[in-house]
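So this one's my_file-v9.pdb, PDB, C-alpha atoms:
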```
MODEL        1
ATOM      1  CA  MET F 186     -57.291  -9.201  17.215  1.00  0.00           C
ATOM      2  CA  LYS F 187     -56.556 -10.619  13.768  1.00  0.00           C
ATOM      3  CA  THR F 188     -57.605  -7.323  12.140  1.00  0.00           C
ATOM      4  CA  ILE F 189     -55.362  -5.310  14.498  1.00  0.00           C
ATOM      5  CA  PHE F 190     -52.403  -7.632  13.836  1.00  0.00           C
ATOM      6  CA  SER F 191     -52.941  -7.345  10.070  1.00  0.00           C
ATOM      7  CA  ALA F 192     -53.045  -3.557  10.313  1.00  0.00           C
ATOM      8  CA  PHE F 193     -49.792  -3.407  12.306  1.00  0.00           C
ATOM      9  CA  ALA F 194     -48.126  -5.830   9.850  1.00  0.00           C
ATOM     10  CA  ALA F 195     -49.217  -3.683   6.895  1.00  0.00           C
ATOM     11  CA  ILE F 196     -47.899  -0.513   8.563  1.00  0.00           C
ATOM     12  CA  ALA F 197     -44.560  -2.193   9.412  1.00  0.00           C
ATOM     13  CA  PHE F 198     -44.189  -3.484   5.856  1.00  0.00           C
ATOM     14  CA  THR F 199     -44.953  -0.037   4.435  1.00  0.00           C
ATOM     15  CA  LEU F 200     -42.331   1.614   6.649  1.00  0.00           C
ATOM     16  CA  VAL F 201     -39.668  -0.979   5.762  1.00  0.00           C
ATOM     17  CA  ALA F 202     -40.479  -0.708   2.059  1.00  0.00           C
ATOM     18  CA  ALA F 203     -40.366   3.089   2.172  1.00  0.00           C
ATOM     19  CA  SER F 204     -36.984   3.023   3.910  1.00  0.00           C
ATOM     20  CA  ALA F 205     -35.552   0.416   1.512  1.00  0.00           C
ATOM     21  CA  ALA F 206     -36.883   2.268  -1.516  1.00  0.00           C
ATOM     22  CA  ALA F 207     -34.522   5.139  -0.737  1.00  0.00           C
ATOM     23  CA  GLN F 208     -31.469   2.850  -0.595  1.00  0.00           C
ATOM     24  CA  GLN F 209     -29.353   2.099  -3.647  1.00  0.00           C
ATOM     25  CA  SER F 210     -29.038  -1.540  -4.644  1.00  0.00           C
ATOM     26  CA  HIS F 211     -25.731  -3.269  -5.334  1.00  0.00           C
ATOM     27  CA  ARG F 212     -26.765  -5.989  -7.790  1.00  0.00           C
ATOM     28  CA  ALA F 213     -24.854  -4.929 -10.918  1.00  0.00           C
ATOM     29  CA  GLY F 214     -22.092  -7.345 -11.929  1.00  0.00           C
ATOM     30  CA  LYS F 215     -22.888  -9.771  -9.098  1.00  0.00           C
ATOM     31  CA  TRP F 216     -23.576 -13.497  -9.163  1.00  0.00           C
ATOM     32  CA  GLU F 217     -26.207 -14.783  -6.781  1.00  0.00           C
ATOM     33  CA  GLY F 218     -27.592 -18.046  -5.465  1.00  0.00           C
ATOM     34  CA  HIS F 219     -30.826 -18.742  -3.634  1.00  0.00           C
ATOM     35  CA  PHE F 220     -32.903 -21.429  -1.945  1.00  0.00           C
ATOM     36  CA  ASN F 221     -36.683 -21.243  -2.262  1.00  0.00           C
ATOM     37  CA  VAL F 222     -39.874 -22.628  -0.774  1.00  0.00           C
ATOM     38  CA  LEU F 223     -42.828 -23.013  -3.154  1.00  0.00           C
ATOM     39  CA  TYR F 224     -46.553 -23.537  -2.773  1.00  0.00           C
ATOM     40  CA  GLY F 225     -48.444 -25.017  -5.719  1.00  0.00           C
ATOM     41  CA  ASP F 226     -52.185 -24.426  -5.925  1.00  0.00           C
ATOM     42  CA  SER F 227     -54.588 -27.329  -6.491  1.00  0.00           C
ATOM     43  CA  LYS F 228     -55.559 -28.197 -10.052  1.00  0.00           C
ATOM     44  CA  ASN F 229     -58.202 -30.253 -11.887  1.00  0.00           C
ATOM     45  CA  LEU F 230     -57.236 -31.811 -15.222  1.00  0.00           C
ATOM     46  CA  SER F 231     -59.741 -33.254 -17.697  1.00  0.00           C
ATOM     47  CA  SER F 232     -58.879 -35.759 -20.405  1.00  0.00           C
ATOM     48  CA  ASP F 233     -60.435 -38.269 -22.827  1.00  0.00           C
ATOM     49  CA  GLN F 234     -63.848 -39.861 -22.250  1.00  0.00           C
ATOM     50  CA  GLY F 235     -64.481 -38.073 -18.975  1.00  0.00           C
ATOM     51  CA  SER F 236     -61.294 -39.169 -17.232  1.00  0.00           C
ATOM     52  CA  SER F 237     -59.811 -36.569 -14.912  1.00  0.00           C
ATOM     53  CA  ALA F 238     -57.317 -35.916 -12.129  1.00  0.00           C
ATOM     54  CA  ASP F 239     -57.621 -33.737  -9.029  1.00  0.00           C
ATOM     55  CA  ILE F 240     -54.142 -32.585  -7.973  1.00  0.00           C
ATOM     56  CA  ASP F 241     -53.820 -31.363  -4.388  1.00  0.00           C
ATOM     57  CA  SER F 242     -52.109 -28.159  -3.361  1.00  0.00           C
ATOM     58  CA  ASP F 243     -48.744 -28.777  -1.722  1.00  0.00           C
ATOM     59  CA  PHE F 244     -45.376 -27.298  -0.803  1.00  0.00           C
ATOM     60  CA  GLY F 245     -42.195 -27.785  -2.807  1.00  0.00           C
ATOM     61  CA  TRP F 246     -38.609 -26.613  -2.735  1.00  0.00           C
ATOM     62  CA  GLY F 247     -35.951 -25.443  -5.135  1.00  0.00           C
ATOM     63  CA  PHE F 248     -32.758 -23.506  -5.693  1.00  0.00           C
ATOM     64  CA  GLY F 249     -31.193 -21.335  -8.369  1.00  0.00           C
ATOM     65  CA  PHE F 250     -28.195 -19.371  -9.576  1.00  0.00           C
ATOM     66  CA  GLY F 251     -28.055 -16.182 -11.635  1.00  0.00           C
ATOM     67  CA  TYR F 252     -26.069 -13.196 -12.806  1.00  0.00           C
ATOM     68  CA  ASN F 253     -27.033  -9.511 -12.622  1.00  0.00           C
ATOM     69  CA  PHE F 254     -25.839  -7.720 -15.762  1.00  0.00           C
ATOM     70  CA  ASN F 255     -26.866  -4.414 -14.211  1.00  0.00           C
ATOM     71  CA  GLU F 256     -29.224  -3.117 -11.523  1.00  0.00           C
ATOM     72  CA  HIS F 257     -32.259  -4.081 -13.603  1.00  0.00           C
ATOM     73  CA  PHE F 258     -31.601  -7.115 -15.811  1.00  0.00           C
ATOM     74  CA  ALA F 259     -30.618 -10.635 -14.694  1.00  0.00           C
ATOM     75  CA  LEU F 260     -30.538 -14.170 -16.099  1.00  0.00           C
ATOM     76  CA  GLU F 261     -30.871 -17.204 -13.870  1.00  0.00           C
ATOM     77  CA  GLY F 262     -31.386 -20.950 -13.804  1.00  0.00           C
ATOM     78  CA  ASN F 263     -33.891 -22.465 -11.379  1.00  0.00           C
ATOM     79  CA  PHE F 264     -34.579 -26.028 -10.240  1.00  0.00           C
ATOM     80  CA  SER F 265     -37.784 -26.943  -8.387  1.00  0.00           C
ATOM     81  CA  TRP F 266     -39.346 -30.118  -7.006  1.00  0.00           C
ATOM     82  CA  PHE F 267     -42.892 -31.088  -5.972  1.00  0.00           C
ATOM     83  CA  ASP F 268     -44.223 -34.324  -4.458  1.00  0.00           C
ATOM     84  CA  THR F 269     -48.020 -33.991  -4.670  1.00  0.00           C
ATOM     85  CA  ASP F 270     -50.997 -36.251  -3.932  1.00  0.00           C
ATOM     86  CA  TYR F 271     -53.747 -36.676  -6.520  1.00  0.00           C
ATOM     87  CA  ARG F 272     -56.959 -38.584  -7.250  1.00  0.00           C
ATOM     88  CA  ALA F 273     -57.457 -39.889 -10.790  1.00  0.00           C
ATOM     89  CA  ASN F 274     -60.876 -40.845 -12.168  1.00  0.00           C
ATOM     90  CA  ILE F 275     -60.438 -43.704 -14.660  1.00  0.00           C
ATOM     91  CA  THR F 276     -63.004 -44.272 -17.420  1.00  0.00           C
ATOM     92  CA  PRO F 277     -63.239 -47.828 -18.889  1.00  0.00           C
ATOM     93  CA  ASP F 278     -63.012 -48.258 -22.671  1.00  0.00           C
ATOM     94  CA  ALA F 279     -65.708 -49.952 -24.782  1.00  0.00           C
ATOM     95  CA  GLY F 280     -65.829 -53.659 -23.978  1.00  0.00           C
ATOM     96  CA  ASN F 281     -64.319 -53.222 -20.537  1.00  0.00           C
ATOM     97  CA  PRO F 282     -66.851 -54.634 -18.021  1.00  0.00           C
ATOM     98  CA  ASN F 283     -65.340 -52.683 -15.120  1.00  0.00           C
ATOM     99  CA  GLY F 284     -66.967 -49.457 -14.024  1.00  0.00           C
ATOM    100  CA  ARG F 285     -65.343 -46.104 -13.354  1.00  0.00           C
ATOM    101  CA  GLN F 286     -62.569 -46.266 -10.797  1.00  0.00           C
ATOM    102  CA  THR F 287     -60.739 -43.805  -8.602  1.00  0.00           C
ATOM    103  CA  ILE F 288     -56.995 -44.133  -8.034  1.00  0.00           C
ATOM    104  CA  ASN F 289     -55.146 -42.277  -5.285  1.00  0.00           C
ATOM    105  CA  GLY F 290     -51.490 -41.628  -5.922  1.00  0.00           C
ATOM    106  CA  THR F 291     -48.526 -39.317  -5.491  1.00  0.00           C
ATOM    107  CA  MET F 292     -47.083 -37.432  -8.458  1.00  0.00           C
ATOM    108  CA  GLU F 293     -43.465 -36.287  -8.560  1.00  0.00           C
ATOM    109  CA  THR F 294     -42.488 -33.309 -10.723  1.00  0.00           C
ATOM    110  CA  SER F 295     -39.214 -31.485 -11.216  1.00  0.00           C
ATOM    111  CA  THR F 296     -38.513 -28.457 -13.392  1.00  0.00           C
ATOM    112  CA  LEU F 297     -35.296 -26.967 -14.723  1.00  0.00           C
ATOM    113  CA  ALA F 298     -36.053 -23.472 -16.038  1.00  0.00           C
ATOM    114  CA  PHE F 299     -34.032 -20.576 -17.415  1.00  0.00           C
ATOM    115  CA  ASN F 300     -35.510 -17.167 -16.630  1.00  0.00           C
ATOM    116  CA  ALA F 301     -34.946 -13.549 -17.522  1.00  0.00           C
ATOM    117  CA  THR F 302     -35.782 -11.084 -14.732  1.00  0.00           C
ATOM    118  CA  TYR F 303     -36.253  -7.322 -14.882  1.00  0.00           C
ATOM    119  CA  ASN F 304     -36.116  -5.292 -11.655  1.00  0.00           C
ATOM    120  CA  LEU F 305     -38.116  -2.115 -12.133  1.00  0.00           C
ATOM    121  CA  PHE F 306     -36.027   0.100  -9.824  1.00  0.00           C
ATOM    122  CA  ALA F 307     -32.277   0.353  -9.164  1.00  0.00           C
ATOM    123  CA  ARG F 308     -33.098   0.295  -5.474  1.00  0.00           C
ATOM    124  CA  ALA F 309     -32.760  -2.119  -2.584  1.00  0.00           C
ATOM    125  CA  PHE F 310     -36.537  -2.637  -2.616  1.00  0.00           C
ATOM    126  CA  THR F 311     -38.067  -3.138  -6.059  1.00  0.00           C
ATOM    127  CA  PRO F 312     -40.891  -4.921  -7.817  1.00  0.00           C
ATOM    128  CA  PHE F 313     -39.847  -7.186 -10.681  1.00  0.00           C
ATOM    129  CA  ILE F 314     -41.208  -9.266 -13.542  1.00  0.00           C
ATOM    130  CA  THR F 315     -39.808 -12.567 -14.754  1.00  0.00           C
ATOM    131  CA  GLY F 316     -40.390 -15.210 -17.400  1.00  0.00           C
ATOM    132  CA  GLY F 317     -38.681 -18.153 -18.994  1.00  0.00           C
ATOM    133  CA  VAL F 318     -38.755 -21.638 -20.502  1.00  0.00           C
ATOM    134  CA  GLY F 319     -37.695 -25.001 -19.187  1.00  0.00           C
ATOM    135  CA  SER F 320     -38.165 -28.738 -19.026  1.00  0.00           C
ATOM    136  CA  THR F 321     -40.537 -30.456 -16.572  1.00  0.00           C
ATOM    137  CA  TRP F 322     -40.303 -34.146 -15.683  1.00  0.00           C
ATOM    138  CA  VAL F 323     -43.522 -35.777 -14.406  1.00  0.00           C
ATOM    139  CA  ASP F 324     -43.798 -39.219 -12.803  1.00  0.00           C
ATOM    140  CA  THR F 325     -47.358 -40.318 -12.021  1.00  0.00           C
ATOM    141  CA  ASN F 326     -46.167 -43.387 -10.063  1.00  0.00           C
ATOM    142  CA  ILE F 327     -48.738 -45.463 -11.962  1.00  0.00           C
ATOM    143  CA  PRO F 328     -47.182 -48.828 -13.000  1.00  0.00           C
ATOM    144  CA  ASP F 329     -46.770 -49.161 -16.781  1.00  0.00           C
ATOM    145  CA  GLY F 330     -45.012 -52.526 -16.958  1.00  0.00           C
ATOM    146  CA  LEU F 331     -44.102 -55.760 -15.175  1.00  0.00           C
ATOM    147  CA  ALA F 332     -41.972 -55.757 -12.070  1.00  0.00           C
ATOM    148  CA  GLN F 333     -38.222 -55.739 -12.633  1.00  0.00           C
ATOM    149  CA  PRO F 334     -35.687 -57.139 -10.147  1.00  0.00           C
ATOM    150  CA  VAL F 335     -33.377 -54.514  -8.682  1.00  0.00           C
ATOM    151  CA  CYS F 336     -30.468 -55.490  -6.435  1.00  0.00           C
ATOM    152  CA  TRP F 337     -28.157 -53.469  -4.216  1.00  0.00           C
ATOM    153  CA  TRP F 338     -25.765 -53.744  -1.283  1.00  0.00           C
ATOM    154  CA  ASP F 339     -27.417 -52.691   1.964  1.00  0.00           C
ATOM    155  CA  PRO F 340     -25.265 -51.768   5.023  1.00  0.00           C
ATOM    156  CA  TRP F 341     -27.597 -53.790   7.288  1.00  0.00           C
ATOM    157  CA  TRP F 342     -28.863 -56.656   5.123  1.00  0.00           C
ATOM    158  CA  GLY F 343     -25.960 -57.077   2.723  1.00  0.00           C
ATOM    159  CA  TYR F 344     -26.820 -58.090  -0.844  1.00  0.00           C
ATOM    160  CA  TYR F 345     -30.563 -57.531  -1.335  1.00  0.00           C
ATOM    161  CA  CYS F 346     -32.993 -57.784  -4.278  1.00  0.00           C
ATOM    162  CA  ALA F 347     -36.598 -56.605  -4.605  1.00  0.00           C
ATOM    163  CA  PRO F 348     -39.148 -56.139  -7.411  1.00  0.00           C
ATOM    164  CA  VAL F 349     -39.567 -52.584  -8.681  1.00  0.00           C
ATOM    165  CA  TYR F 350     -42.375 -51.537 -11.026  1.00  0.00           C
ATOM    166  CA  PRO F 351     -41.589 -49.059 -13.814  1.00  0.00           C
ATOM    167  CA  THR F 352     -44.002 -46.129 -13.682  1.00  0.00           C
ATOM    168  CA  LYS F 353     -45.532 -43.800 -16.248  1.00  0.00           C
ATOM    169  CA  SER F 354     -43.320 -40.749 -16.608  1.00  0.00           C
ATOM    170  CA  ASP F 355     -42.459 -38.196 -19.273  1.00  0.00           C
ATOM    171  CA  THR F 356     -40.704 -34.871 -19.832  1.00  0.00           C
ATOM    172  CA  TYR F 357     -42.515 -31.817 -21.218  1.00  0.00           C
ATOM    173  CA  LEU F 358     -41.634 -28.347 -22.416  1.00  0.00           C
ATOM    174  CA  SER F 359     -42.710 -25.773 -19.825  1.00  0.00           C
ATOM    175  CA  TYR F 360     -42.754 -22.000 -19.627  1.00  0.00           C
ATOM    176  CA  ASN F 361     -43.626 -19.458 -16.978  1.00  0.00           C
ATOM    177  CA  VAL F 362     -44.288 -15.809 -16.188  1.00  0.00           C
ATOM    178  CA  GLY F 363     -44.369 -14.144 -12.801  1.00  0.00           C
ATOM    179  CA  ALA F 364     -44.141 -10.960 -10.773  1.00  0.00           C
ATOM    180  CA  GLY F 365     -43.056 -10.077  -7.272  1.00  0.00           C
ATOM    181  CA  VAL F 366     -40.974  -7.878  -4.985  1.00  0.00           C
ATOM    182  CA  ARG F 367     -37.295  -8.056  -3.991  1.00  0.00           C
ATOM    183  CA  TRP F 368     -35.246  -6.611  -1.134  1.00  0.00           C
ATOM    184  CA  ASP F 369     -31.414  -6.446  -1.101  1.00  0.00           C
ATOM    185  CA  SER F 370     -29.656  -5.877   2.195  1.00  0.00           C
ATOM    186  CA  PRO F 371     -27.341  -2.815   1.933  1.00  0.00           C
ATOM    187  CA  GLN F 372     -25.090  -4.166   4.702  1.00  0.00           C
ATOM    188  CA  SER F 373     -24.526  -7.661   3.255  1.00  0.00           C
ATOM    189  CA  GLY F 374     -25.130  -9.816   0.188  1.00  0.00           C
ATOM    190  CA  LEU F 375     -28.415 -11.150   1.571  1.00  0.00           C
ATOM    191  CA  PHE F 376     -31.563 -10.737  -0.517  1.00  0.00           C
ATOM    192  CA  LEU F 377     -35.203 -11.804  -0.184  1.00  0.00           C
ATOM    193  CA  ARG F 378     -37.824 -12.262  -2.897  1.00  0.00           C
ATOM    194  CA  ALA F 379     -41.522 -13.105  -2.967  1.00  0.00           C
ATOM    195  CA  LEU F 380     -43.354 -13.825  -6.199  1.00  0.00           C
ATOM    196  CA  VAL F 381     -46.401 -15.405  -7.761  1.00  0.00           C
ATOM    197  CA  SER F 382     -46.082 -17.163 -11.096  1.00  0.00           C
ATOM    198  CA  GLU F 383     -48.006 -19.208 -13.646  1.00  0.00           C
ATOM    199  CA  GLN F 384     -46.415 -22.289 -15.209  1.00  0.00           C
ATOM    200  CA  TRP F 385     -47.671 -24.041 -18.348  1.00  0.00           C
ATOM    201  CA  LEU F 386     -46.859 -27.621 -19.408  1.00  0.00           C
ATOM    202  CA  ASP F 387     -46.999 -28.538 -23.089  1.00  0.00           C
ATOM    203  CA  VAL F 388     -48.545 -31.979 -22.487  1.00  0.00           C
ATOM    204  CA  GLY F 389     -50.472 -32.167 -25.759  1.00  0.00           C
ATOM    205  CA  GLY F 390     -53.355 -34.490 -26.585  1.00  0.00           C
ATOM    206  CA  SER F 391     -56.669 -33.899 -24.859  1.00  0.00           C
ATOM    207  CA  VAL F 392     -54.917 -32.465 -21.791  1.00  0.00           C
ATOM    208  CA  GLY F 393     -53.471 -29.640 -23.898  1.00  0.00           C
ATOM    209  CA  THR F 394     -51.378 -27.068 -22.039  1.00  0.00           C
ATOM    210  CA  PRO F 395     -52.492 -26.983 -18.398  1.00  0.00           C
ATOM    211  CA  ASP F 396     -51.437 -24.068 -16.216  1.00  0.00           C
ATOM    212  CA  PHE F 397     -50.348 -24.224 -12.574  1.00  0.00           C
ATOM    213  CA  LEU F 398     -50.385 -21.332 -10.107  1.00  0.00           C
ATOM    214  CA  GLN F 399     -47.363 -21.146  -7.799  1.00  0.00           C
ATOM    215  CA  PHE F 400     -46.241 -18.935  -4.927  1.00  0.00           C
ATOM    216  CA  ARG F 401     -42.551 -18.711  -4.043  1.00  0.00           C
ATOM    217  CA  ILE F 402     -40.289 -17.196  -1.388  1.00  0.00           C
ATOM    218  CA  ASP F 403     -36.527 -16.959  -2.026  1.00  0.00           C
ATOM    219  CA  ILE F 404     -33.675 -16.337   0.358  1.00  0.00           C
ATOM    220  CA  GLY F 405     -30.274 -15.889  -1.218  1.00  0.00           C
ATOM    221  CA  THR F 406     -26.947 -14.115  -1.340  1.00  0.00           C
ATOM    222  CA  ARG F 407     -25.012 -12.030  -3.862  1.00  0.00           C
ATOM    223  CA  PHE F 408     -21.302 -12.698  -4.411  1.00  0.00           C
TER     224      PHE F 408
ENDMDL
END
```
Please express what this file holds, its structure, as structure tokens.
Amino acid sequence: MKTIFSAFAAIAFTLVAASAAAQQSHRAGKWEGHFNVLYGDSKNLSSDQGSSADIDSDFGWGFGFGYNFNEHFALEGNFSWFDTDYRANITPDAGNPNGRQTINGTMETSTLAFNATYNLFARAFTPFITGGVGSTWVDTNIPDGLAQPVCWWDPWWGYYCAPVYPTKSDTYLSYNVGAGVRWDSPQSGLFLRALVSEQWLDVGGSVGTPDFLQFRIDIGTRF
């Protein structure tokens, strides 16, 4: 049954793509905005003295805005966010009587990237390539200092204070390349994109420049 369903899906996709390939696109001179859903693949990172981190695969979200200079070339800005679980293996330094430890945590990452995109065909359905640079903020949620009192006004409890621990976070240069397919609706400004991309973080040190595989689906509109 699964094989039959896959065959019908492939045939349907081929017919839609063939029909769309004959239709002219209307991207030139148009602004566009999109919302996207991302899936980040799992990753293992190795560092000093055998320490390491296993980062789980997870879903993320994002949005972006861009401008189509013509039917082929576009520039856009993209924001994305991930909230991903991980397991870190901690190696004690010389003189530390504690053994190796494992820490479970949740890592937050956000990226602001600026990309150049080239659509291969001036058609409603086209493959494309993209690449760009950006800035990626990473918060490991591992405490790196003493608790600090933070106070606020709560609608239920009134004036309230609680200890908050500062966590290890930093911002890194990032860059990416990717490829995918795009479809523009001839009847409206709607467009859909699907792509796979590789993102690198310039962490430095023993971690170096790790790469992360991502899959993304966009739904947006031209205006």
Hits of the PyMOL selection byres ((chain F and resi 399) around 6) in this structure, as an MDAnalysis selection string: chainID F and resid 224:225 381:382 398 400
Point-to-point distance in Å for CA of Arg367 (chain F) and CA of Phe267 (chain F): 23.8 Å
Pairwise distance for CA of Arg308 (chain F) and CA of Phe250 (chain F), rounded to one decimal in Å: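 Between CA of Arg308 (chain F) and CA of Phe250 (chain F) the gap is 20.7 Å.
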Residues selected by the PyMOL selection byres ((chain F and resi 252) around 8), written as a list in words: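 So the PyMOL selection byres ((chain F and resi 252) around 8) ends up selecting Gly214, Lys215, Trp216, Glu217, Phe250, Gly251, Asn253, Phe254, Ala259, Leu260 and Glu261 of chain F.
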CA of Ala298 (chain F) to CA of Leu386 (chain F), straight-line distance in Å: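 Interatomic distance here is 12.1 Å.
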Option closest in space to Val366 (chain F), from F:Tyr271, F:Phe397, F:Trp385, F:Tyr303 [counting only C-alpha atoms]: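 The shortest atom-to-atom distance to Val366 (chain F) comes from F:Tyr303.
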Selection under test: the PyMOL selection byres ((chain F and resi 375) around 8); residues as a list in words: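 Taken over the shown coordinates, the PyMOL selection byres ((chain F and resi 375) around 8) returns Asp369, Ser370, Ser373, Gly374, Phe376, Leu377, Ile404, Gly405, Thr406 and Arg407 of chain F.
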Residue with smallest distance to Trp368 (chain F) - pool F:Ser354, F:Gln286, F:Asn304, F:Ser320, counting only C-alpha atoms: F:Asn304
List the spatial neighbours of region 227-244 of chain F as a PDB file with C-alpha atoms, keeping the file's coordinate frame - criterion: any atom at most 10 Å away, only C-alpha atoms, same-chain residues fewer than 5 positions off excluded.
```
ATOM      1  CA  VAL F 222     -39.874 -22.628  -0.774  1.00  0.00           C
ATOM      2  CA  TRP F 266     -39.346 -30.118  -7.006  1.00  0.00           C
ATOM      3  CA  PHE F 267     -42.892 -31.088  -5.972  1.00  0.00           C
ATOM      4  CA  ASP F 268     -44.223 -34.324  -4.458  1.00  0.00           C
ATOM      5  CA  THR F 269     -48.020 -33.991  -4.670  1.00  0.00           C
ATOM      6  CA  ASP F 270     -50.997 -36.251  -3.932  1.00  0.00           C
ATOM      7  CA  TYR F 271     -53.747 -36.676  -6.520  1.00  0.00           C
ATOM      8  CA  ARG F 272     -56.959 -38.584  -7.250  1.00  0.00           C
ATOM      9  CA  ALA F 273     -57.457 -39.889 -10.790  1.00  0.00           C
ATOM     10  CA  ASN F 274     -60.876 -40.845 -12.168  1.00  0.00           C
ATOM     11  CA  ILE F 275     -60.438 -43.704 -14.660  1.00  0.00           C
ATOM     12  CA  THR F 276     -63.004 -44.272 -17.420  1.00  0.00           C
ATOM     13  CA  PRO F 277     -63.239 -47.828 -18.889  1.00  0.00           C
ATOM     14  CA  ASP F 278     -63.012 -48.258 -22.671  1.00  0.00           C
ATOM     15  CA  ARG F 285     -65.343 -46.104 -13.354  1.00  0.00           C
ATOM     16  CA  GLN F 286     -62.569 -46.266 -10.797  1.00  0.00           C
ATOM     17  CA  THR F 287     -60.739 -43.805  -8.602  1.00  0.00           C
ATOM     18  CA  ILE F 288     -56.995 -44.133  -8.034  1.00  0.00           C
ATOM     19  CA  ASN F 289     -55.146 -42.277  -5.285  1.00  0.00           C
ATOM     20  CA  GLY F 290     -51.490 -41.628  -5.922  1.00  0.00           C
ATOM     21  CA  THR F 291     -48.526 -39.317  -5.491  1.00  0.00           C
ATOM     22  CA  MET F 292     -47.083 -37.432  -8.458  1.00  0.00           C
ATOM     23  CA  GLY F 390     -53.355 -34.490 -26.585  1.00  0.00           C
ATOM     24  CA  SER F 391     -56.669 -33.899 -24.859  1.00  0.00           C
ATOM     25  CA  VAL F 392     -54.917 -32.465 -21.791  1.00  0.00           C
ATOM     26  CA  GLY F 393     -53.471 -29.640 -23.898  1.00  0.00           C
ATOM     27  CA  PRO F 395     -52.492 -26.983 -18.398  1.00  0.00           C
ATOM     28  CA  ASP F 396     -51.437 -24.068 -16.216  1.00  0.00           C
ATOM     29  CA  PHE F 397     -50.348 -24.224 -12.574  1.00  0.00           C
ATOM     30  CA  LEU F 398     -50.385 -21.332 -10.107  1.00  0.00           C
ATOM     31  CA  GLN F 399     -47.363 -21.146  -7.799  1.00  0.00           C
ATOM     32  CA  PHE F 400     -46.241 -18.935  -4.927  1.00  0.00           C
ATOM     33  CA  ARG F 401     -42.551 -18.711  -4.043  1.00  0.00           C
TER      34      ARG F 401
END
```
